Amino acid sequence: MYNRRVKIFVIFSLLLLVVCLLRLAQMQLLTASSVQHEIAELKQQRGQSRQLQTIRGRILDRNGNVLAMDEARFWVHINYDLSSFLDERLRKAMLAGAADRRDADVAVAKVDEEIREKLEDLQLIIEKCAQFKAVEPSVIWDEIQKINDYVWGQRMFQAWRKNFPNSEVRDDYDSINSIHISRAIADFKTKQPDPNIRDELASKIDILEMHEDWALLELKTDDDVFAAQLEFMDTEGLQILPKGHRFYPYGSVAAQTIGWVGPATQEQDKELFADDELLSYLEGEVCGREDGVEYVCETVLRGRRGELSHDIDGQLTSRTETKFGKDVTLTLDIELQQRIENYLTGYPHDPNCGPGMSVVVIEVGTSDVLALVSLPVYDLNRARYDYSDFVVDGDKPLINRAINEQYPPGSVVKPLILVAGLETGAITAEDEIECLAQAAPFGWPNCLIYRRYRAGHSSRWTNNARNAIKGSCNIYFSHLADRIEPEVLQQWLFKFGYGREVLSLSAYVTKVAHIEQSRNFDQLSGVISSGFVRGKILSFKDVPPLRNRERRFFGIGQGDLRVTPLQVANSIAAIARGGIYKRPKLLHEPRNSEGEDLGISLGTLAVVYDGMSAVINEAGGTAHTQFKPFLATLAAEDVKVYGKTGSTEDPEHAWFGGFAQDSTARKIAIAVVVEGGQHGSSDAAPLARNIIQFCIEAGYIGKSILTAK
């Protein structure tokens, strides 16, 4: 019996041993087994990942000139191992840890000595950095504390995550990475009220940020870089390293259109890429600030970070390559824009004229915006630092006057009023509306020449359609507008792009971005109704009504009528295009849009062209005096100009709107507004004349186009 039991025990033991050996062989030899897989997963989970820097795309003009780019700037970087000694929380944790050791007295003394030495080193570093930046040492001290606060916040977050993995806070977020740190730390304080215990738990957390170098001080010049390298050559914990910086080679040129970048701290920034960990913004990263191209094209310009993941053994487990941001090409000619801005800034304006001015130049055939000028400007390279000064500047340099300021158009609206009158049959080209040397009835506007000279246009010529444009007769156009039904008048203005946003985001950009794009340029719609509009105008049905008595003032570009310079230039471009309306383009598209035929008859267009030509080329034309000395030169360049001057009251502004063409059918449209200008003929027309010459010299119209070929 005993032997039998021994045999059974031996057999059972052998079977158990065989099972253990087989299991051991499976674990050791079958590398694809679930155990090996679980071990690999565990190692990866306990490992760390490192996200690489993003590279933002460039902004280019139509000729490939770089308007915005990322460039390397050299900074003094400090390692957290060194900066952390300035953090009282870490110092307390180090001393507390030393006090818990068996040789507490010796350990505490050693740690205390290390802290003292590091603080002395930091004090010396802070003083040297302050000299480079020419600031008080406290400024550098605060910068180091910001680094420490950020890293400590991350360690606190990870300590909360580790010690309270089942916190109900997680239920409010899609993933652990989307939880706001402030929310997590608030929950941490609730669940662990003792700050000493929280600090102790955080001090035991090891994260990647603790082993990184942090930008502390930008070195502005090559001499500073060289001096810093010598100064800190043997300083442990400091390095001179390059850091990406957004640079604008043209400085202030087209500042409001290009826009600038600033820290990605606003809620709308965080929401833009919230679903993509490698696109979402990290601490210290920048994004486009409202409302230029940098902001509108953020989804195109934004690069996607690369990522390196390592397991607990430090082995690379995965690599995601960095995707550089894509370039954005504008229709602007930056050199033409720069020339216009410099010219306007240096021009001897009438003392009544303010610093606020705007010029828009459009290539008629393509509807490309060649220049979108708004003065005064500001330096894009200083925007992040001087923003608070720009905000309170009474001259409003941040406003893009070309699209985001609206003005009464004055007499530059009269060609559109004439189109509406001729096309509706409210008047014929030869019908005369008398302009006599007498005051207008009460409630009607007087003619300009009556106010100035106590004269009337009817004493000069038959006051028909083309002559009314030539002399800019208020009597003619106020009475003509009064003959047109209010809604019909509004419809014609709307067709030409008044009362609605005209600058739209390129569908091509949306396609390139591969993301739903809801941003557009901040722009005003203008007003083509009685009273100012509330809400967004998406179609004509959204336009409020126009009172009957308001029509007479709309006819001369006054009353409640408001437009932007871009709307004026684009409406002139539609006339120059033969009644084909196109939206103006600021972002390059590979295809040219066909446009919308407004249904204007050739006869109507001929009358309007005739009148706008007379403004420039005939005696008595409101801009003839300014253009007369240059007409021979323009003719020699194979260029003919069609124009319309304008001036407004309450507020006073001077306008010019027109187009120029050559015999090859090349055309450019232009709008100029001078805030505070009293006379379009003297304050705006000379500017337009010279800007047209700039366009000739740039090769957009005239013989230079032919010779260039």
# chains A, B, ... in the order shown; residues from 1 in each chain; ligands from 1
$ residues_around --residues "A:Gln693" --least-positions-apart "6" --cutoff "12 Å" --atoms "only C-alpha atoms" --output "JSON, numbers by chain"
{"A": [336, 339, 340, 627, 630, 631, 633, 634, 635, 637, 638, 639, 640, 641, 660, 661, 668, 670, 686, 687, 699, 700, 701, 702, 703, 704]}
$ write_last_selection --atoms "N, CA, C and O atoms" --output "compact mmCIF listing (two decimals), in the first residue's frame"
# COMPACT_ATOMS: atom_id res chain seq x y z
N LEU A 336 4.88 95.91 -54.35
CA LEU A 336 3.94 96.97 -54.71
C LEU A 336 3.29 97.52 -53.45
O LEU A 336 3.16 98.75 -53.29
N ARG A 339 5.71 99.71 -51.60
CA ARG A 339 5.92 101.00 -52.27
C ARG A 339 4.76 101.95 -52.00
O ARG A 339 4.97 103.14 -51.75
N ILE A 340 3.53 101.41 -52.03
CA ILE A 340 2.36 102.24 -51.77
C ILE A 340 2.38 102.74 -50.33
O ILE A 340 2.13 103.93 -50.06
N PHE A 627 -4.87 114.91 -63.14
CA PHE A 627 -4.34 113.96 -64.12
C PHE A 627 -3.78 114.63 -65.38
O PHE A 627 -2.97 114.03 -66.09
N PHE A 630 -0.22 114.47 -66.60
CA PHE A 630 0.30 113.11 -66.76
C PHE A 630 -0.37 112.34 -67.89
O PHE A 630 -0.03 111.18 -68.13
N LEU A 631 -1.35 112.96 -68.56
CA LEU A 631 -2.10 112.23 -69.58
C LEU A 631 -1.21 111.81 -70.75
O LEU A 631 -1.37 110.71 -71.29
N THR A 633 1.97 111.12 -70.63
CA THR A 633 2.79 110.00 -70.15
C THR A 633 1.98 108.71 -70.11
O THR A 633 2.47 107.64 -70.52
N LEU A 634 0.75 108.79 -69.63
CA LEU A 634 -0.11 107.61 -69.60
C LEU A 634 -0.38 107.09 -71.00
O LEU A 634 -0.36 105.87 -71.24
N ALA A 635 -0.62 108.00 -71.93
CA ALA A 635 -0.86 107.58 -73.32
C ALA A 635 0.37 106.90 -73.90
O ALA A 635 0.27 105.90 -74.62
N GLU A 637 2.43 105.22 -72.32
CA GLU A 637 2.49 103.90 -71.68
C GLU A 637 1.34 103.00 -72.12
O GLU A 637 1.20 101.88 -71.62
N ASP A 638 0.51 103.49 -73.03
CA ASP A 638 -0.64 102.71 -73.53
C ASP A 638 -1.65 102.44 -72.42
O ASP A 638 -2.23 101.37 -72.32
N VAL A 639 -1.88 103.45 -71.57
CA VAL A 639 -2.79 103.29 -70.45
C VAL A 639 -3.84 104.39 -70.48
O VAL A 639 -3.52 105.57 -70.68
N LYS A 640 -5.10 104.00 -70.28
CA LYS A 640 -6.19 104.96 -70.15
C LYS A 640 -6.86 104.74 -68.80
O LYS A 640 -7.08 103.60 -68.37
N VAL A 641 -7.20 105.85 -68.13
CA VAL A 641 -7.76 105.78 -66.78
C VAL A 641 -9.21 106.25 -66.79
O VAL A 641 -9.56 107.22 -67.46
N ALA A 660 -7.86 101.34 -64.59
CA ALA A 660 -6.95 101.68 -65.68
C ALA A 660 -6.79 100.46 -66.56
O ALA A 660 -6.77 99.32 -66.06
N GLN A 661 -6.67 100.68 -67.87
CA GLN A 661 -6.53 99.55 -68.80
C GLN A 661 -5.57 99.92 -69.91
O GLN A 661 -5.28 101.09 -70.15
N ILE A 668 -6.51 97.16 -64.04
CA ILE A 668 -6.46 97.14 -62.58
C ILE A 668 -7.52 98.12 -62.06
O ILE A 668 -7.76 99.17 -62.66
N ILE A 670 -8.92 100.33 -58.63
CA ILE A 670 -8.30 100.93 -57.45
C ILE A 670 -9.34 101.70 -56.65
O ILE A 670 -10.27 102.29 -57.21
N PRO A 686 -4.72 112.56 -56.54
CA PRO A 686 -3.27 112.50 -56.81
C PRO A 686 -2.63 111.21 -56.32
O PRO A 686 -1.70 110.70 -56.96
N LEU A 687 -3.13 110.68 -55.21
CA LEU A 687 -2.59 109.42 -54.70
C LEU A 687 -2.89 108.29 -55.68
O LEU A 687 -2.01 107.47 -55.99
N GLY A 699 4.47 96.31 -63.98
CA GLY A 699 4.19 95.43 -65.11
C GLY A 699 2.78 94.89 -65.17
O GLY A 699 2.52 93.96 -65.94
N TYR A 700 1.84 95.44 -64.40
CA TYR A 700 0.47 94.91 -64.43
C TYR A 700 -0.35 95.48 -65.57
O TYR A 700 -1.31 94.86 -66.02
N ILE A 701 -0.02 96.66 -66.05
CA ILE A 701 -0.65 97.26 -67.23
C ILE A 701 0.41 98.08 -67.94
O ILE A 701 1.47 98.36 -67.40
N GLY A 702 0.11 98.45 -69.20
CA GLY A 702 1.00 99.33 -69.94
C GLY A 702 2.00 98.60 -70.79
O GLY A 702 2.03 97.37 -70.85
N LYS A 703 2.84 99.38 -71.46
CA LYS A 703 3.79 98.81 -72.42
C LYS A 703 4.82 97.92 -71.77
O LYS A 703 5.39 97.04 -72.42
N SER A 704 5.08 98.13 -70.50
CA SER A 704 6.09 97.32 -69.82
C SER A 704 5.73 95.84 -69.85
O SER A 704 6.59 94.98 -69.80
$ residues_around --residues "A:Ile427" --least-positions-apart "6" --cutoff "9 Å" --atoms "only C-alpha atoms" --output "PyMOL selection string"
chain A and resi 418+421+465+480+483
$ write_last_selection --atoms "C-alpha atoms" --output "PDB file, in the first residue's frame"
ATOM      1  CA  LEU A 418     -26.361 105.334 -62.779  1.00  0.00           C
ATOM      2  CA  GLY A 421     -31.185 104.067 -63.050  1.00  0.00           C
ATOM      3  CA  ALA A 465     -25.929 110.878 -67.557  1.00  0.00           C
ATOM      4  CA  LEU A 480     -32.249 109.772 -59.917  1.00  0.00           C
ATOM      5  CA  ARG A 483     -36.930 107.599 -58.828  1.00  0.00           C
TER       6      ARG A 483
END
$ select_by_dssp --residues "stretch 55-182 of chain A" --states "helix (DSSP H, G or I)" --output "PyMOL selection string"
chain A and resi 80-86+88-99+104-133+137-163+168-172+176-178+181-182
$ residues_around --residues "A:His211" --least-positions-apart "4" --cutoff "10 Å" --atoms "only C-alpha atoms" --output "list in words"
Asn79, Tyr80, Asp81, Asp206 and Ile207 of chain A
$ write_last_selection --atoms "N, CA and C atoms" --output "mmCIF file, in the first residue's frame"
data_model
loop_
_atom_site.group_PDB
_atom_site.id
_atom_site.type_symbol
_atom_site.label_atom_id
_atom_site.label_comp_id
_atom_site.auth_asym_id
_atom_site.auth_seq_id
_atom_site.Cartn_x
_atom_site.Cartn_y
_atom_site.Cartn_z
ATOM 1 N N ASN A 79 18.377 73.860 -17.501
ATOM 2 C CA ASN A 79 17.846 72.534 -17.231
ATOM 3 C C ASN A 79 17.045 72.557 -15.932
ATOM 4 N N TYR A 80 15.977 71.771 -15.897
ATOM 5 C CA TYR A 80 15.125 71.749 -14.711
ATOM 6 C C TYR A 80 15.878 71.225 -13.494
ATOM 7 N N ASP A 81 16.864 70.373 -13.703
ATOM 8 C CA ASP A 81 17.664 69.893 -12.571
ATOM 9 C C ASP A 81 18.290 71.064 -11.808
ATOM 10 N N ASP A 206 8.402 61.203 -11.609
ATOM 11 C CA ASP A 206 9.456 61.493 -12.590
ATOM 12 C C ASP A 206 8.789 61.615 -13.966
ATOM 13 N N ILE A 207 8.889 62.780 -14.580
ATOM 14 C CA ILE A 207 8.284 62.989 -15.904
ATOM 15 C C ILE A 207 9.333 63.521 -16.868
#
$ select_by_dssp --residues "stretch 535-605 of chain A" --states "strand (DSSP E)" --output "list of chain:residue names"
A:Ile580, A:Tyr581, A:Glu596, A:Asp597
$ write_last_selection --atoms "C-alpha atoms" --output "JSON list (two decimals), in the first residue's frame"
[["chain", "number", "residue", "atom", "x", "y", "z"],
["A", 580, "ILE", "CA", -19.22, 90.49, -64.35],
["A", 581, "TYR", "CA", -19.09, 90.27, -60.57],
["A", 596, "GLU", "CA", -21.64, 86.24, -62.09],
["A", 597, "ASP", "CA", -23.09, 88.21, -65.00]]
$ closest_residue --among "A:Thr235, A:Thr257, A:Gln154, A:Asn570" --to "A:Glu283" --atoms "only C-alpha atoms"
A:Gln154
$ residues_around --residues "A:His457" --least-positions-apart "5" --cutoff "12 Å" --atoms "only C-alpha atoms" --output "list in words"
Glu432, Ile433, Glu434, Cys435, Leu436, Ala437, Gln438, Asn446, Cys447, Leu448, Ile449, Tyr450, Thr462, Asn463, Asn464, Asn467, Ala468, Ile469, Lys470, Gly471, Ser472, Cys473, Asn474, Ile475, Tyr476, Gly620 and Gly621 of chain A
$ write_last_selection --atoms "N, CA and C atoms" --output "compact mmCIF listing (two decimals), in the first residue's frame"
# COMPACT_ATOMS: atom_id res chain seq x y z
N GLU A 432 -32.10 114.84 -69.15
CA GLU A 432 -31.42 115.82 -68.33
C GLU A 432 -32.17 116.04 -67.02
N ILE A 433 -31.43 116.15 -65.94
CA ILE A 433 -31.98 116.61 -64.66
C ILE A 433 -31.28 117.92 -64.37
N GLU A 434 -32.01 118.98 -64.39
CA GLU A 434 -31.41 120.30 -64.30
C GLU A 434 -30.76 120.54 -62.94
N CYS A 435 -29.60 121.15 -63.03
CA CYS A 435 -28.86 121.57 -61.83
C CYS A 435 -28.68 123.08 -61.95
N LEU A 436 -29.57 123.82 -61.30
CA LEU A 436 -29.60 125.27 -61.44
C LEU A 436 -28.81 125.94 -60.33
N ALA A 437 -28.49 127.20 -60.55
CA ALA A 437 -27.72 127.98 -59.58
C ALA A 437 -28.65 128.47 -58.47
N GLN A 438 -29.18 127.52 -57.73
CA GLN A 438 -30.09 127.86 -56.64
C GLN A 438 -30.02 126.76 -55.58
N ASN A 446 -27.64 119.86 -51.61
CA ASN A 446 -27.21 120.84 -52.59
C ASN A 446 -26.07 120.27 -53.44
N CYS A 447 -25.88 120.86 -54.60
CA CYS A 447 -24.76 120.44 -55.44
C CYS A 447 -23.48 121.07 -54.92
N LEU A 448 -22.37 120.41 -55.11
CA LEU A 448 -21.09 120.87 -54.61
C LEU A 448 -20.73 122.23 -55.21
N ILE A 449 -20.97 122.41 -56.51
CA ILE A 449 -20.54 123.68 -57.11
C ILE A 449 -21.45 124.82 -56.68
N TYR A 450 -22.66 124.53 -56.26
CA TYR A 450 -23.49 125.61 -55.73
C TYR A 450 -22.94 126.05 -54.37
N THR A 462 -25.24 120.20 -70.93
CA THR A 462 -26.50 119.47 -70.74
C THR A 462 -26.26 118.44 -69.64
N ASN A 463 -27.03 118.54 -68.58
CA ASN A 463 -26.75 117.71 -67.40
C ASN A 463 -27.37 116.32 -67.55
N ASN A 464 -26.84 115.57 -68.54
CA ASN A 464 -27.31 114.20 -68.78
C ASN A 464 -26.42 113.21 -68.02
N ASN A 467 -22.40 113.46 -68.35
CA ASN A 467 -21.92 114.72 -67.78
C ASN A 467 -22.15 114.80 -66.27
N ALA A 468 -23.20 114.14 -65.80
CA ALA A 468 -23.45 114.12 -64.36
C ALA A 468 -22.36 113.33 -63.64
N ILE A 469 -21.86 112.27 -64.29
CA ILE A 469 -20.71 111.54 -63.73
C ILE A 469 -19.47 112.42 -63.79
N LYS A 470 -19.26 113.05 -64.94
CA LYS A 470 -18.09 113.90 -65.15
C LYS A 470 -17.98 114.99 -64.09
N GLY A 471 -19.11 115.66 -63.82
CA GLY A 471 -19.09 116.76 -62.86
C GLY A 471 -19.52 116.37 -61.47
N SER A 472 -19.89 115.10 -61.27
CA SER A 472 -20.32 114.59 -59.96
C SER A 472 -21.47 115.41 -59.40
N CYS A 473 -22.54 115.50 -60.17
CA CYS A 473 -23.67 116.37 -59.82
C CYS A 473 -24.57 115.73 -58.76
N ASN A 474 -24.64 116.35 -57.59
CA ASN A 474 -25.49 115.84 -56.52
C ASN A 474 -26.97 115.94 -56.85
N ILE A 475 -27.35 117.02 -57.55
CA ILE A 475 -28.76 117.20 -57.90
C ILE A 475 -29.21 116.03 -58.79
N TYR A 476 -28.42 115.72 -59.81
CA TYR A 476 -28.77 114.64 -60.74
C TYR A 476 -28.94 113.32 -59.98
N GLY A 620 -13.23 120.07 -66.87
CA GLY A 620 -14.47 120.03 -66.10
C GLY A 620 -14.66 118.73 -65.36
N GLY A 621 -13.89 117.71 -65.72
CA GLY A 621 -13.91 116.46 -64.96
C GLY A 621 -13.31 116.68 -63.59
$ closest_atom_pairs --of "stretch 599-707 of chain A" --to "stretch 343-354 of chain A" --cutoff "10 Å" --atoms "only C-alpha atoms" --output "JSON lines"
{"residue": "A:Glu652", "atom": "CA", "partner": "A:Cys353", "partner_atom": "CA", "distance": 9.1}
{"residue": "A:His653", "atom": "CA", "partner": "A:Cys353", "partner_atom": "CA", "distance": 8.2}
{"residue": "A:Ala654", "atom": "CA", "partner": "A:Cys353", "partner_atom": "CA", "distance": 8.9}
{"residue": "A:Val674", "atom": "CA", "partner": "A:Cys353", "partner_atom": "CA", "distance": 6.7}
{"residue": "A:Glu675", "atom": "CA", "partner": "A:Gly354", "partner_atom": "CA", "distance": 5.5}
{"residue": "A:Gly676", "atom": "CA", "partner": "A:Cys353", "partner_atom": "CA", "distance": 4.3}
{"residue": "A:Gly677", "atom": "CA", "partner": "A:Cys353", "partner_atom": "CA", "distance": 4.8}
{"residue": "A:Gln678", "atom": "CA", "partner": "A:Asn352", "partner_atom": "CA", "distance": 7.6}
{"residue": "A:Ser682", "atom": "CA", "partner": "A:Asp350", "partner_atom": "CA", "distance": 9.1}
{"residue": "A:Asp683", "atom": "CA", "partner": "A:His349", "partner_atom": "CA", "distance": 7.3}
{"residue": "A:Ala684", "atom": "CA", "partner": "A:His349", "partner_atom": "CA", "distance": 9.7}
{"residue": "A:Leu687", "atom": "CA", "partner": "A:Leu344", "partner_atom": "CA", "distance": 7.6}
{"residue": "A:Asn690", "atom": "CA", "partner": "A:Tyr343", "partner_atom": "CA", "distance": 9.1}
{"residue": "A:Ile691", "atom": "CA", "partner": "A:Tyr343", "partner_atom": "CA", "distance": 8.8}
$ write_last_selection --atoms "N, CA, C and O atoms" --output "PDB file, in the first residue's frame"
ATOM      1  N   GLU A 652     -15.894 113.590 -42.515  1.00  0.00           N
ATOM      2  CA  GLU A 652     -15.242 114.006 -43.756  1.00  0.00           C
ATOM      3  C   GLU A 652     -14.202 112.973 -44.189  1.00  0.00           C
ATOM      4  O   GLU A 652     -13.319 112.613 -43.411  1.00  0.00           O
ATOM      5  N   HIS A 653     -14.337 112.531 -45.423  1.00  0.00           N
ATOM      6  CA  HIS A 653     -13.351 111.633 -46.018  1.00  0.00           C
ATOM      7  C   HIS A 653     -13.248 111.949 -47.501  1.00  0.00           C
ATOM      8  O   HIS A 653     -14.215 112.411 -48.121  1.00  0.00           O
ATOM      9  N   ALA A 654     -12.084 111.682 -48.070  1.00  0.00           N
ATOM     10  CA  ALA A 654     -11.862 111.879 -49.505  1.00  0.00           C
ATOM     11  C   ALA A 654     -11.693 110.527 -50.184  1.00  0.00           C
ATOM     12  O   ALA A 654     -11.008 109.641 -49.657  1.00  0.00           O
ATOM     13  N   VAL A 674      -9.048 108.599 -47.860  1.00  0.00           N
ATOM     14  CA  VAL A 674      -8.201 109.356 -46.948  1.00  0.00           C
ATOM     15  C   VAL A 674      -9.096 109.913 -45.844  1.00  0.00           C
ATOM     16  O   VAL A 674      -9.951 110.767 -46.099  1.00  0.00           O
ATOM     17  N   GLU A 675      -8.912 109.412 -44.633  1.00  0.00           N
ATOM     18  CA  GLU A 675      -9.727 109.889 -43.525  1.00  0.00           C
ATOM     19  C   GLU A 675      -9.405 111.352 -43.238  1.00  0.00           C
ATOM     20  O   GLU A 675      -8.227 111.738 -43.160  1.00  0.00           O
ATOM     21  N   GLY A 676     -10.447 112.166 -43.089  1.00  0.00           N
ATOM     22  CA  GLY A 676     -10.260 113.586 -42.839  1.00  0.00           C
ATOM     23  C   GLY A 676     -10.069 114.406 -44.091  1.00  0.00           C
ATOM     24  O   GLY A 676     -10.053 115.638 -44.028  1.00  0.00           O
ATOM     25  N   GLY A 677      -9.926 113.738 -45.243  1.00  0.00           N
ATOM     26  CA  GLY A 677      -9.789 114.472 -46.495  1.00  0.00           C
ATOM     27  C   GLY A 677     -11.087 115.184 -46.855  1.00  0.00           C
ATOM     28  O   GLY A 677     -12.174 114.632 -46.686  1.00  0.00           O
ATOM     29  N   GLN A 678     -10.976 116.405 -47.370  1.00  0.00           N
ATOM     30  CA  GLN A 678     -12.164 117.196 -47.652  1.00  0.00           C
ATOM     31  C   GLN A 678     -12.570 117.161 -49.114  1.00  0.00           C
ATOM     32  O   GLN A 678     -13.727 117.422 -49.436  1.00  0.00           O
ATOM     33  N   SER A 682      -8.572 116.645 -54.738  1.00  0.00           N
ATOM     34  CA  SER A 682      -7.233 117.094 -54.347  1.00  0.00           C
ATOM     35  C   SER A 682      -6.568 116.207 -53.308  1.00  0.00           C
ATOM     36  O   SER A 682      -5.333 116.145 -53.244  1.00  0.00           O
ATOM     37  N   ASP A 683      -7.350 115.493 -52.486  1.00  0.00           N
ATOM     38  CA  ASP A 683      -6.766 114.688 -51.408  1.00  0.00           C
ATOM     39  C   ASP A 683      -6.611 113.212 -51.765  1.00  0.00           C
ATOM     40  O   ASP A 683      -5.782 112.527 -51.161  1.00  0.00           O
ATOM     41  N   ALA A 684      -7.415 112.714 -52.703  1.00  0.00           N
ATOM     42  CA  ALA A 684      -7.356 111.288 -53.045  1.00  0.00           C
ATOM     43  C   ALA A 684      -6.904 111.044 -54.482  1.00  0.00           C
ATOM     44  O   ALA A 684      -6.156 110.099 -54.742  1.00  0.00           O
ATOM     45  N   LEU A 687      -3.126 110.681 -55.212  1.00  0.00           N
ATOM     46  CA  LEU A 687      -2.593 109.419 -54.695  1.00  0.00           C
ATOM     47  C   LEU A 687      -2.888 108.292 -55.676  1.00  0.00           C
ATOM     48  O   LEU A 687      -2.015 107.471 -55.991  1.00  0.00           O
ATOM     49  N   ASN A 690      -0.652 108.385 -58.866  1.00  0.00           N
ATOM     50  CA  ASN A 690       0.711 107.873 -58.714  1.00  0.00           C
ATOM     51  C   ASN A 690       0.737 106.376 -58.441  1.00  0.00           C
ATOM     52  O   ASN A 690       1.671 105.678 -58.849  1.00  0.00           O
ATOM     53  N   ILE A 691      -0.287 105.870 -57.757  1.00  0.00           N
ATOM     54  CA  ILE A 691      -0.337 104.420 -57.506  1.00  0.00           C
ATOM     55  C   ILE A 691      -0.576 103.670 -58.813  1.00  0.00           C
ATOM     56  O   ILE A 691      -0.024 102.581 -59.022  1.00  0.00           O
TER      57      ILE A 691
END
$ atom_distance --atom1 "atom CA of A:Pro584" --atom2 "atom CA of A:Ala402"
12.4 Å
$ residues_around --residues "A:Phe553" --least-positions-apart "4" --cutoff "12 Å" --atoms "only C-alpha atoms" --output "PyMOL selection string"
chain A and resi 408-411+413-414+417+443-446+474-482+486+528-530+546-549+557-562+648-649
$ closest_atom_pairs --of "stretch 175-265 of chain A" --to "stretch 372-375 of chain A" --cutoff "10 Å" --atoms "only C-alpha atoms" --output "CSV"
residue,atom,partner,partner_atom,distance
A:Val253,CA,A:Val373,CA,8.6
A:Ala254,CA,A:Val373,CA,6.5
A:Ala255,CA,A:Ser374,CA,8.5
A:Gln256,CA,A:Ser374,CA,7.3
A:Thr257,CA,A:Leu372,CA,7.4
